[in-house]
Amino acid sequence: MITIVDCGINNLRSVEKAFEHLGHATQVTRDPGVAARADKIVLPGVGAFGAAMKNLRDAELVEPLLDRIAAGAPFLGICLALQLLFDWSEELGLHAGLGALSGKVVRLPDATPQNPDLKIPHMGWSPLHFPRPTRLFAGLDDGAMVYFVHSYHVQPDDGEVVAASSTHGAEFVAAIERDNLMAVQFHPEKSSSVGLQILQNFARI
C-alpha cells in the first residue's frame, strides 16, 4: 500500500491515478496516525514553502513523516516536497523545513544580458542527467525528459545525495536519493512514460 500524504496544497488525484494505472494500491490521508504506520509514503506538493510547512505542522504530520523516514520506509517527495526535506528556504522570507537533509532552498537565477530570454518559473520539459546509478531512475537513459514547474531549487550540503540534475540558466538539482529517501523537483505524474517508469521504480522498492 502506497500512502499519499495530503499537505493541503497538493495535486493528489493525478499522482493517485498514475499509481493506479500502474496497478498499485494507494490511500490518501491527512491523518498522522495513518502516516505513522505507512509502508511507503509519497508526499506531493505545489505552492509556497512556508504555507506547506504550516499545513504539515497544523496537521501534526511532521513527526510521523520524519519517523517513517528514519525507520527506513521508502519515501518519495514530489516537486515542492523535495524542497521541504531541507533545512530552510528563502522563498517569501526564511522558513524552516523538515531538516531530513542538510541544505537550503534558493531562487533560480534570473535573466541576464547573456541570457535575456530566461523566464521564472521554469516551466516545461527539460532533460535529466544522472551522476550515478540509482534505484529511482533505473532503466532510464541520460537525457530523459521530464516536466518541471518551479521557481526555487535545492542546494544540498552533501553532493552525494544528488541523483539527477537539469539546467535552467544554470545547473540545478533535479532529484535526490539517499537510502530510502527519494525526491524529485519535477512532476513524474505529468512526465509521460518516463514519469511512469520513475513511479514504477519507486513502487517496486
# chains A, B, ... in the order shown; residues from 1 in each chain; ligands from 1

call {"tool": "residues_around", "arguments": {"residues": "Lys190 (chain A)", "least_positions_apart": "4", "cutoff": "8 Å", "atoms": "only C-alpha atoms", "output": "short mmCIF file (atom, residue, chain, number, x, y, z; two decimals) with C-alpha atoms, in the first residue's frame"}}
result
data_model
loop_
_atom_site.label_atom_id
_atom_site.label_comp_id
_atom_site.auth_asym_id
_atom_site.auth_seq_id
_atom_site.Cartn_x
_atom_site.Cartn_y
_atom_site.Cartn_z
CA VAL A 146 10.50 15.36 -17.58
CA TYR A 147 8.09 18.20 -16.81
CA GLY A 195 7.45 9.65 -15.21
#

call {"tool": "residues_around", "arguments": {"residues": "Phe148 (chain A)", "least_positions_apart": "5", "cutoff": "6 Å", "atoms": "only C-alpha atoms", "output": "MDAnalysis selection string"}}
result
chainID A and resid 123:124 186

call {"tool": "write_last_selection", "arguments": {"atoms": "N, CA and C atoms", "output": "mmCIF file, in the first residue's frame"}}
result
data_model
loop_
_atom_site.group_PDB
_atom_site.id
_atom_site.type_symbol
_atom_site.label_atom_id
_atom_site.label_comp_id
_atom_site.auth_asym_id
_atom_site.auth_seq_id
_atom_site.Cartn_x
_atom_site.Cartn_y
_atom_site.Cartn_z
ATOM 1 N N MET A 123 9.229 26.396 -16.449
ATOM 2 C CA MET A 123 8.008 25.633 -16.727
ATOM 3 C C MET A 123 8.146 24.946 -18.081
ATOM 4 N N GLY A 124 8.053 23.615 -18.070
ATOM 5 C CA GLY A 124 8.118 22.855 -19.312
ATOM 6 C C GLY A 124 9.044 21.653 -19.191
ATOM 7 N N PHE A 186 10.688 17.736 -10.338
ATOM 8 C CA PHE A 186 9.730 17.729 -11.446
ATOM 9 C C PHE A 186 8.468 16.948 -11.068
#

call {"tool": "residues_around", "arguments": {"residues": "Phe75 (chain A)", "least_positions_apart": "2", "cutoff": "7 Å", "atoms": "only C-alpha atoms", "output": "number ranges by chain"}}
result
A: 40-42, 69, 73, 77, 180-182

call {"tool": "residues_around", "arguments": {"residues": "region 8-23 of chain A", "least_positions_apart": "4", "cutoff": "8 Å", "atoms": "only C-alpha atoms", "output": "list of chain:residue names"}}
result
A:Ile4, A:Val28, A:Pro44, A:Gly45, A:Val46, A:Gly47, A:Ala52, A:Asn55, A:Glu189, A:Leu196, A:Leu199, A:Gln200

call {"tool": "write_last_selection", "arguments": {"atoms": "N, CA and C atoms", "output": "short mmCIF file (atom, residue, chain, number, x, y, z; two decimals), in the first residue's frame"}}
result
data_model
loop_
_atom_site.label_atom_id
_atom_site.label_comp_id
_atom_site.auth_asym_id
_atom_site.auth_seq_id
_atom_site.Cartn_x
_atom_site.Cartn_y
_atom_site.Cartn_z
N ILE A 4 -0.33 8.25 0.18
CA ILE A 4 -0.12 9.59 -0.38
C ILE A 4 -0.59 10.59 0.66
N VAL A 28 -5.04 7.98 0.33
CA VAL A 28 -4.73 9.38 0.55
C VAL A 28 -5.13 9.73 1.98
N PRO A 44 3.35 14.65 -2.33
CA PRO A 44 3.36 15.63 -3.40
C PRO A 44 3.19 17.04 -2.82
N GLY A 45 3.61 18.03 -3.57
CA GLY A 45 3.43 19.39 -3.09
C GLY A 45 3.55 20.41 -4.20
N VAL A 46 2.71 21.42 -4.15
CA VAL A 46 2.81 22.57 -5.04
C VAL A 46 2.58 23.82 -4.19
N GLY A 47 2.99 24.97 -4.71
CA GLY A 47 2.74 26.21 -3.99
C GLY A 47 3.95 26.69 -3.21
N ALA A 52 3.15 25.34 2.98
CA ALA A 52 3.15 23.88 3.05
C ALA A 52 3.65 23.40 4.40
N ASN A 55 0.97 23.88 6.99
CA ASN A 55 -0.06 22.85 6.87
C ASN A 55 0.39 21.53 7.49
N GLU A 189 4.15 12.50 -12.46
CA GLU A 189 2.78 12.19 -12.88
C GLU A 189 2.38 12.96 -14.14
N LEU A 196 6.13 7.64 -15.50
CA LEU A 196 5.54 6.38 -15.05
C LEU A 196 6.62 5.38 -14.67
N LEU A 199 7.82 6.32 -11.18
CA LEU A 199 6.85 5.91 -10.16
C LEU A 199 6.84 4.39 -9.99
N GLN A 200 6.97 3.67 -11.10
CA GLN A 200 7.04 2.21 -11.01
C GLN A 200 8.29 1.76 -10.26
#

call {"tool": "residues_around", "arguments": {"residues": "region 96-111 of chain A", "least_positions_apart": "6", "cutoff": "7 Å", "atoms": "only C-alpha atoms", "output": "JSON list (two decimals) with C-alpha atoms, in the first residue's frame"}}
result
[["chain", "number", "residue", "atom", "x", "y", "z"],
["A", 53, "MET", "CA", 5.22, 23.61, 6.23],
["A", 83, "GLN", "CA", 12.41, 21.36, -1.05],
["A", 84, "LEU", "CA", 10.53, 20.67, 2.20],
["A", 85, "LEU", "CA", 13.05, 17.95, 3.09],
["A", 86, "PHE", "CA", 15.83, 20.51, 3.58],
["A", 87, "ASP", "CA", 16.71, 22.81, 6.49],
["A", 88, "TRP", "CA", 15.29, 26.10, 5.25],
["A", 89, "SER", "CA", 14.00, 28.07, 2.27],
["A", 90, "GLU", "CA", 14.37, 31.73, 1.30],
["A", 117, "ASP", "CA", 15.00, 35.12, -22.54],
["A", 118, "LEU", "CA", 15.31, 33.18, -19.31],
["A", 119, "LYS", "CA", 11.95, 33.08, -17.52],
["A", 120, "ILE", "CA", 10.99, 32.27, -13.94],
["A", 151, "SER", "CA", 10.95, 28.94, -9.22],
["A", 152, "TYR", "CA", 13.24, 27.62, -6.46],
["A", 153, "HIS", "CA", 15.76, 24.80, -6.23],
["A", 154, "VAL", "CA", 17.66, 22.93, -3.53],
["A", 155, "GLN", "CA", 21.34, 23.27, -2.64],
["A", 156, "PRO", "CA", 22.30, 20.19, -0.58],
["A", 157, "ASP", "CA", 25.29, 20.39, 1.74],
["A", 169, "GLY", "CA", 20.02, 29.30, -16.61]]

call {"tool": "select_by_dssp", "arguments": {"residues": "region 3-204 of chain A", "states": "helix (DSSP H, G or I)", "output": "JSON, numbers by chain"}}
result
{"A": [12, 13, 14, 15, 16, 17, 18, 19, 20, 21, 32, 33, 34, 35, 36, 49, 50, 51, 52, 53, 54, 55, 56, 57, 58, 62, 63, 64, 65, 66, 67, 68, 69, 70, 71, 80, 81, 82, 83, 84, 159, 160, 161, 188, 189, 190, 192, 193, 194, 195, 196, 197, 198, 199, 200, 201, 202, 203]}

call {"tool": "atom_distance", "arguments": {"atom1": "CA of Ala170 (chain A)", "atom2": "CA of Ser192 (chain A)"}}
result
24.9 Å

call {"tool": "atom_distance", "arguments": {"atom1": "CA of Glu171 (chain A)", "atom2": "CA of Gln114 (chain A)"}}
result
15.8 Å

call {"tool": "atom_distance", "arguments": {"atom1": "CA of Ile176 (chain A)", "atom2": "CA of Ala59 (chain A)"}}
result
25.7 Å

call {"tool": "closest_residue", "arguments": {"among": "A:Leu136, A:Ala163, A:Cys79, A:Val173", "to": "Gln197 (chain A)", "atoms": "only C-alpha atoms"}}
result
A:Leu136
